[in-house]
$ cat protein.cif   # mmCIF, C-alpha atoms
data_entry
loop_
_atom_site.label_atom_id
_atom_site.label_comp_id
_atom_site.auth_asym_id
_atom_site.auth_seq_id
_atom_site.Cartn_x
_atom_site.Cartn_y
_atom_site.Cartn_z
CA MET A 1 0.00 0.00 0.00
CA ARG A 2 2.97 2.32 0.57
CA ALA A 3 3.73 2.71 -3.16
CA ARG A 4 0.06 3.38 -3.88
CA TRP A 5 -0.01 6.01 -1.11
CA ILE A 6 2.84 7.81 -2.86
CA LYS A 7 0.65 7.88 -5.99
CA ALA A 8 -2.07 9.60 -3.95
CA ALA A 9 0.46 12.07 -2.63
CA VAL A 10 1.55 12.91 -6.16
CA VAL A 11 -1.98 13.12 -7.56
CA GLY A 12 -2.99 15.32 -4.63
CA VAL A 13 -0.72 18.09 -5.79
CA CYS A 14 -2.88 18.52 -8.87
CA ALA A 15 -6.24 18.06 -7.25
CA LEU A 16 -6.58 21.75 -6.55
CA ALA A 17 -3.67 23.34 -8.31
CA LEU A 18 -2.61 23.79 -11.93
CA GLY A 19 -3.82 27.17 -12.97
CA GLY A 20 -5.59 28.03 -9.78
CA CYS A 21 -4.08 31.44 -9.26
CA ASP A 22 -3.87 34.63 -11.12
CA GLY A 23 -1.48 37.38 -10.27
CA SER A 24 -3.93 40.22 -10.83
CA ASN A 25 -6.55 39.25 -8.23
CA GLY A 26 -4.31 37.60 -5.68
CA ILE A 27 -3.95 33.89 -5.19
CA PHE A 28 -6.28 30.96 -5.58
CA SER A 29 -8.90 33.06 -7.36
CA GLU A 30 -10.16 30.43 -9.78
CA MET A 31 -9.50 26.97 -8.44
CA ARG A 32 -10.39 24.13 -10.74
CA PHE A 33 -10.11 20.41 -10.53
CA ILE A 34 -7.66 18.78 -12.91
CA ASN A 35 -7.39 15.04 -13.20
CA ALA A 36 -3.63 14.83 -13.36
CA ALA A 37 -3.51 11.06 -13.31
CA ASN A 38 -5.47 10.73 -16.56
CA ALA A 39 -3.52 13.48 -18.31
CA ALA A 40 -0.25 11.99 -17.12
CA LYS A 41 -1.22 8.52 -18.31
CA LYS A 42 -1.91 9.91 -21.79
CA ALA A 43 1.26 11.99 -21.86
CA TYR A 44 3.57 9.25 -20.53
CA PRO A 45 2.04 5.83 -21.25
CA ASP A 46 5.38 4.02 -20.82
CA LEU A 47 5.89 5.20 -17.22
CA SER A 48 4.32 3.83 -14.06
CA PRO A 49 1.26 5.84 -12.96
CA GLU A 50 3.24 7.34 -10.05
CA ASP A 51 6.21 8.36 -12.20
CA ALA A 52 3.96 9.66 -14.98
CA THR A 53 1.95 11.81 -12.59
CA ARG A 54 5.05 13.16 -10.87
CA ARG A 55 6.65 14.02 -14.21
CA PHE A 56 3.42 15.63 -15.40
CA VAL A 57 3.25 17.81 -12.29
CA ILE A 58 6.88 18.88 -12.61
CA GLU A 59 6.60 19.69 -16.31
CA THR A 60 3.32 21.55 -15.85
CA PHE A 61 4.88 23.59 -13.06
CA ASN A 62 7.99 24.33 -15.14
CA GLU A 63 5.87 25.57 -18.06
CA ALA A 64 3.83 27.86 -15.83
CA TYR A 65 6.97 28.97 -13.96
CA ALA A 66 8.56 30.10 -17.22
CA GLN A 67 5.55 32.36 -17.82
CA ALA A 68 5.67 33.96 -14.35
CA LYS A 69 7.30 37.35 -14.62
CA THR A 70 8.28 38.10 -11.02
CA PRO A 71 9.58 36.12 -8.04
CA GLU A 72 6.27 36.85 -6.29
CA GLN A 73 4.28 35.33 -9.17
CA GLN A 74 6.60 32.32 -9.12
CA ARG A 75 6.09 31.89 -5.39
CA ILE A 76 2.32 32.19 -5.74
CA LEU A 77 2.40 29.53 -8.45
CA ALA A 78 4.38 27.19 -6.20
CA ALA A 79 1.95 27.93 -3.36
CA ASP A 80 -0.96 26.97 -5.56
CA PHE A 81 0.63 23.61 -6.36
CA TYR A 82 1.40 22.93 -2.70
CA LEU A 83 -2.03 24.01 -1.51
CA GLY A 84 -3.80 21.23 -3.41
CA PHE A 85 -1.35 18.73 -1.98
CA SER A 86 -1.81 20.04 1.56
CA MET A 87 -5.58 20.31 1.45
CA LEU A 88 -5.91 16.74 0.25
CA HIS A 89 -3.62 15.28 2.90
CA ALA A 90 -4.13 17.49 5.94
CA ARG A 91 -7.78 18.36 5.51
CA ALA A 92 -9.79 16.25 3.05
CA VAL A 93 -8.46 12.79 3.90
CA PRO A 94 -8.90 13.31 7.67
CA ALA A 95 -12.39 14.79 7.14
CA TYR A 96 -13.42 11.89 4.91
CA CYS A 97 -12.12 9.32 7.39
CA LYS A 98 -13.86 11.14 10.24
CA GLU A 99 -17.15 10.40 8.48
CA MET A 100 -16.32 6.72 9.17
CA ASN A 101 -15.55 7.51 12.84
CA LEU A 102 -11.79 7.23 12.31
CA ASP A 103 -9.64 9.99 13.76
CA LEU A 104 -6.74 11.04 11.53
CA THR A 105 -5.64 13.99 13.66
CA GLY A 106 -2.27 12.27 14.13
CA PHE A 107 -1.85 11.83 10.38
CA ALA A 108 -2.67 15.51 9.70
CA GLU A 109 -0.23 16.60 12.42
CA GLU A 110 2.52 14.34 11.04
CA PHE A 111 1.88 15.66 7.53
CA ARG A 112 2.15 19.29 8.70
CA ALA A 113 5.32 18.53 10.65
CA ILE A 114 6.99 16.86 7.67
CA ASN A 115 5.98 19.76 5.43
CA ARG A 116 6.49 22.50 8.01
CA SER A 117 8.53 24.77 5.71
CA GLU A 118 5.85 24.70 3.03
CA GLU A 119 3.07 25.13 5.61
CA TYR A 120 4.86 28.16 7.04
CA ALA A 121 5.30 29.61 3.54
CA ILE A 122 1.57 29.15 2.78
CA ASP A 123 0.58 30.75 6.09
CA ASP A 124 2.95 33.67 5.39
CA LEU A 125 1.53 34.16 1.90
CA PHE A 126 -2.06 33.97 3.14
CA GLU A 127 -1.33 36.51 5.86
CA ARG A 128 0.29 38.95 3.42
CA LYS A 129 -2.62 38.57 0.96
CA GLY A 130 -5.32 38.72 3.64
CA ILE A 131 -6.65 35.26 2.81
CA ALA A 132 -8.06 32.85 5.39
CA ARG A 133 -7.24 29.18 4.86
CA ASP A 134 -10.76 28.27 5.96
CA ASP A 135 -12.18 30.43 3.16
CA VAL A 136 -10.07 28.60 0.59
CA TRP A 137 -11.15 25.28 2.09
CA SER A 138 -14.84 26.20 1.93
CA ARG A 139 -14.48 26.96 -1.79
CA ALA A 140 -12.67 23.71 -2.53
CA GLN A 141 -14.18 21.37 0.05
CA SER A 142 -16.57 19.43 -2.17
CA GLN A 143 -13.89 18.83 -4.83
CA MET A 144 -11.30 17.84 -2.27
CA MET A 145 -13.65 15.51 -0.39
CA ARG A 146 -14.56 13.81 -3.65
CA ARG A 147 -10.87 13.45 -4.52
CA ALA A 148 -10.12 12.05 -1.05
CA LYS A 149 -12.91 9.48 -1.40
CA TYR A 150 -11.68 8.20 -4.76
CA GLU A 151 -8.02 8.20 -3.78
CA LEU A 152 -8.74 6.25 -0.59
CA MET A 153 -11.00 3.80 -2.42
CA GLY A 154 -8.32 3.26 -5.05
CA LEU A 155 -5.61 2.73 -2.47
CA GLY A 156 -7.65 0.23 -0.51
CA GLY A 157 -8.77 -1.81 -3.46
CA LEU A 158 -11.78 -4.06 -3.29
CA SER A 159 -10.68 -5.89 -0.15
CA ALA A 160 -10.04 -3.02 2.23
CA GLY A 161 -11.73 -0.06 0.56
CA SER A 162 -11.39 3.43 1.92
CA TYR A 163 -12.19 2.23 5.46
CA GLY A 164 -9.14 -0.03 5.41
CA VAL A 165 -6.88 2.78 4.25
CA CYS A 166 -8.29 5.16 6.85
CA SER A 167 -7.72 2.52 9.52
CA ALA A 168 -4.09 2.08 8.45
CA LEU A 169 -3.53 5.84 8.47
CA ALA A 170 -5.05 6.13 11.94
CA LYS A 171 -2.98 3.21 13.25
CA ASP A 172 0.41 4.35 11.94
CA PRO A 173 0.20 7.96 10.76
CA GLY A 174 3.96 8.52 10.64
CA GLN A 175 4.57 5.67 8.20
CA TYR A 176 2.20 7.10 5.60
CA ALA A 177 2.73 10.80 6.24
CA GLY A 178 6.42 10.24 5.52
CA ASN A 179 5.47 9.34 1.95
CA ALA A 180 3.86 12.75 1.54
CA ASP A 181 7.03 14.83 1.94
CA PHE A 182 6.47 17.58 -0.64
CA ALA A 183 10.13 18.67 -0.70
CA ALA A 184 11.24 15.11 -1.45
CA LEU A 185 8.65 14.62 -4.19
CA PHE A 186 8.89 18.10 -5.72
CA PRO A 187 12.15 19.75 -4.59
CA ASP A 188 12.10 22.59 -7.16
CA ILE A 189 8.52 23.59 -6.39
CA SER A 190 9.27 23.46 -2.66
CA ARG A 191 12.38 25.62 -3.11
CA VAL A 192 10.40 28.29 -4.99
CA LEU A 193 7.64 28.27 -2.37
CA THR A 194 9.91 28.46 0.65
CA SER A 195 12.39 31.00 -0.75
CA ILE A 196 12.27 34.32 1.04
CA ASP A 197 13.03 37.38 -1.05
#
$ encode --input "protein.cif" --output "structure tokens"
Amino acid sequence: MRARWIKAAVVGVCALALGGCDGSNGIFSEMRFINAANAAKKAYPDLSPEDATRRFVIETFNEAYAQAKTPEQQRILAADFYLGFSMLHARAVPAYCKEMNLDLTGFAEEFRAINRSEEYAIDDLFERKGIARDDVWSRAQSQMMRRAKYELMGLGGLSAGSYGVCSALAKDPGQYAGNADFAALFPDISRVLTSID
């Protein structure tokens, strides 16, 4: 299940991001759901789903990064990519599992600790832009909850289902949160996000 959890971590970066910000109105002004796994599969049919999705995310980021004109726009772009990743792991997955009476508070805390530099950068950006994380969540909640459901169902397969995955995450949050280290999966995007001008 560990390798499949990494796939979810990679797909999660695109669940909310990819074009979800525009420099003129601030950040996260037009979030849209992009199915990165399907696009990646079409673009890189010879790669494993995890490698294809990761490559797709990196190349999509690099294309958008080349279009960003200022370091601030580049940082906002990186923040948008990370935000989808964070909202899936630290908010949507625990909320979905809570509906099955499974507490993933430990998993969310482990995730935030592993990604503390990116979390700090997002909080800093939100504060400077006057954006509340809860407001962003309320706009994206239904998409993110749907994505969490399908990712967990896919990871659990027919035998365990999403309940089995939620149970595993609740039992050993550190094991699975460690697979969702954004800086390890996407070092260039992390570096842009966490750079301080």
$ residues_around --input "protein.cif" --residues "region 59-65 of chain A" --least-positions-apart "2" --cutoff "9 Å" --atoms "all atoms listed in the file" --output "ChimeraX atom specification"
/A:18-19,54-57,67-69,73-74,77-78,81,189
$ residues_around --input "protein.cif" --residues "region 108-114 of chain A" --least-positions-apart "2" --cutoff "8 Å" --atoms "only C-alpha atoms" --output "list in words"
His89, Ala90, Arg91, Pro94, Leu104, Thr105, Gly106, Arg116, Glu119, Pro173, Gly174, Ala177, Gly178, Ala180 and Asp181 of chain A
$ closest_residue --input "protein.cif" --among "A:Thr194, A:Leu102, A:Ala160, A:Cys97" --to "Phe182 (chain A)" --atoms "all atoms listed in the file"
A:Thr194
$ atom_distance --input "protein.cif" --atom1 "CA of Tyr96 (chain A)" --atom2 "CA of Met145 (chain A)"
6.4 Å
$ atom_distance --input "protein.cif" --atom1 "CA of Met144 (chain A)" --atom2 "CA of Thr70 (chain A)"
29.5 Å
$ atom_distance --input "protein.cif" --atom1 "CA of Arg75 (chain A)" --atom2 "CA of Ser138 (chain A)"
22.9 Å
$ residues_around --input "protein.cif" --residues "Cys166 (chain A)" --least-positions-apart "3" --cutoff "9 Å" --atoms "only C-alpha atoms" --output "PDB file with C-alpha atoms, keeping the file's coordinate frame"
ATOM      1  CA  VAL A  93      -8.460  12.790   3.900  1.00  0.00           C
ATOM      2  CA  PRO A  94      -8.900  13.310   7.670  1.00  0.00           C
ATOM      3  CA  TYR A  96     -13.420  11.890   4.910  1.00  0.00           C
ATOM      4  CA  CYS A  97     -12.120   9.320   7.390  1.00  0.00           C
ATOM      5  CA  LYS A  98     -13.860  11.140  10.240  1.00  0.00           C
ATOM      6  CA  MET A 100     -16.320   6.720   9.170  1.00  0.00           C
ATOM      7  CA  LEU A 102     -11.790   7.230  12.310  1.00  0.00           C
ATOM      8  CA  ASP A 103      -9.640   9.990  13.760  1.00  0.00           C
ATOM      9  CA  LEU A 104      -6.740  11.040  11.530  1.00  0.00           C
ATOM     10  CA  LEU A 152      -8.740   6.250  -0.590  1.00  0.00           C
ATOM     11  CA  GLY A 156      -7.650   0.230  -0.510  1.00  0.00           C
ATOM     12  CA  GLY A 161     -11.730  -0.060   0.560  1.00  0.00           C
ATOM     13  CA  SER A 162     -11.390   3.430   1.920  1.00  0.00           C
ATOM     14  CA  TYR A 163     -12.190   2.230   5.460  1.00  0.00           C
ATOM     15  CA  LEU A 169      -3.530   5.840   8.470  1.00  0.00           C
ATOM     16  CA  ALA A 170      -5.050   6.130  11.940  1.00  0.00           C
ATOM     17  CA  LYS A 171      -2.980   3.210  13.250  1.00  0.00           C
TER      18      LYS A 171
END
$ resolve_selection --input "protein.cif" --expression "the PyMOL selection byres ((chain A and resi 125-136) around 9)" --output "number ranges by chain"
A: 26-28, 75-76, 79, 120-124, 137-141
$ closest_residue --input "protein.cif" --among "A:Thr53, A:Asn115, A:Asn38, A:Ser48" --to "Leu193 (chain A)" --atoms "only C-alpha atoms"
A:Asn115
$ decode --input "protein.cif" --residues "region 74-152 of chain A" --atoms "C-alpha atoms" --output "CSV table (one decimal), in the first residue's frame"
chain,number,residue,atom,x,y,z
A,74,GLN,CA,6.6,32.3,-9.1
A,75,ARG,CA,6.1,31.9,-5.4
A,76,ILE,CA,2.3,32.2,-5.7
A,77,LEU,CA,2.4,29.5,-8.4
A,78,ALA,CA,4.4,27.2,-6.2
A,79,ALA,CA,1.9,27.9,-3.4
A,80,ASP,CA,-1.0,27.0,-5.6
A,81,PHE,CA,0.6,23.6,-6.4
A,82,TYR,CA,1.4,22.9,-2.7
A,83,LEU,CA,-2.0,24.0,-1.5
A,84,GLY,CA,-3.8,21.2,-3.4
A,85,PHE,CA,-1.4,18.7,-2.0
A,86,SER,CA,-1.8,20.0,1.6
A,87,MET,CA,-5.6,20.3,1.4
A,88,LEU,CA,-5.9,16.7,0.2
A,89,HIS,CA,-3.6,15.3,2.9
A,90,ALA,CA,-4.1,17.5,5.9
A,91,ARG,CA,-7.8,18.4,5.5
A,92,ALA,CA,-9.8,16.3,3.0
A,93,VAL,CA,-8.5,12.8,3.9
A,94,PRO,CA,-8.9,13.3,7.7
A,95,ALA,CA,-12.4,14.8,7.1
A,96,TYR,CA,-13.4,11.9,4.9
A,97,CYS,CA,-12.1,9.3,7.4
A,98,LYS,CA,-13.9,11.1,10.2
A,99,GLU,CA,-17.2,10.4,8.5
A,100,MET,CA,-16.3,6.7,9.2
A,101,ASN,CA,-15.6,7.5,12.8
A,102,LEU,CA,-11.8,7.2,12.3
A,103,ASP,CA,-9.6,10.0,13.8
A,104,LEU,CA,-6.7,11.0,11.5
A,105,THR,CA,-5.6,14.0,13.7
A,106,GLY,CA,-2.3,12.3,14.1
A,107,PHE,CA,-1.9,11.8,10.4
A,108,ALA,CA,-2.7,15.5,9.7
A,109,GLU,CA,-0.2,16.6,12.4
A,110,GLU,CA,2.5,14.3,11.0
A,111,PHE,CA,1.9,15.7,7.5
A,112,ARG,CA,2.1,19.3,8.7
A,113,ALA,CA,5.3,18.5,10.7
A,114,ILE,CA,7.0,16.9,7.7
A,115,ASN,CA,6.0,19.8,5.4
A,116,ARG,CA,6.5,22.5,8.0
A,117,SER,CA,8.5,24.8,5.7
A,118,GLU,CA,5.8,24.7,3.0
A,119,GLU,CA,3.1,25.1,5.6
A,120,TYR,CA,4.9,28.2,7.0
A,121,ALA,CA,5.3,29.6,3.5
A,122,ILE,CA,1.6,29.2,2.8
A,123,ASP,CA,0.6,30.8,6.1
A,124,ASP,CA,2.9,33.7,5.4
A,125,LEU,CA,1.5,34.2,1.9
A,126,PHE,CA,-2.1,34.0,3.1
A,127,GLU,CA,-1.3,36.5,5.9
A,128,ARG,CA,0.3,39.0,3.4
A,129,LYS,CA,-2.6,38.6,1.0
A,130,GLY,CA,-5.3,38.7,3.6
A,131,ILE,CA,-6.7,35.3,2.8
A,132,ALA,CA,-8.1,32.9,5.4
A,133,ARG,CA,-7.2,29.2,4.9
A,134,ASP,CA,-10.8,28.3,6.0
A,135,ASP,CA,-12.2,30.4,3.2
A,136,VAL,CA,-10.1,28.6,0.6
A,137,TRP,CA,-11.2,25.3,2.1
A,138,SER,CA,-14.8,26.2,1.9
A,139,ARG,CA,-14.5,27.0,-1.8
A,140,ALA,CA,-12.7,23.7,-2.5
A,141,GLN,CA,-14.2,21.4,0.1
A,142,SER,CA,-16.6,19.4,-2.2
A,143,GLN,CA,-13.9,18.8,-4.8
A,144,MET,CA,-11.3,17.8,-2.3
A,145,MET,CA,-13.7,15.5,-0.4
A,146,ARG,CA,-14.6,13.8,-3.7
A,147,ARG,CA,-10.9,13.4,-4.5
A,148,ALA,CA,-10.1,12.1,-1.0
A,149,LYS,CA,-12.9,9.5,-1.4
A,150,TYR,CA,-11.7,8.2,-4.8
A,151,GLU,CA,-8.0,8.2,-3.8
A,152,LEU,CA,-8.7,6.2,-0.6
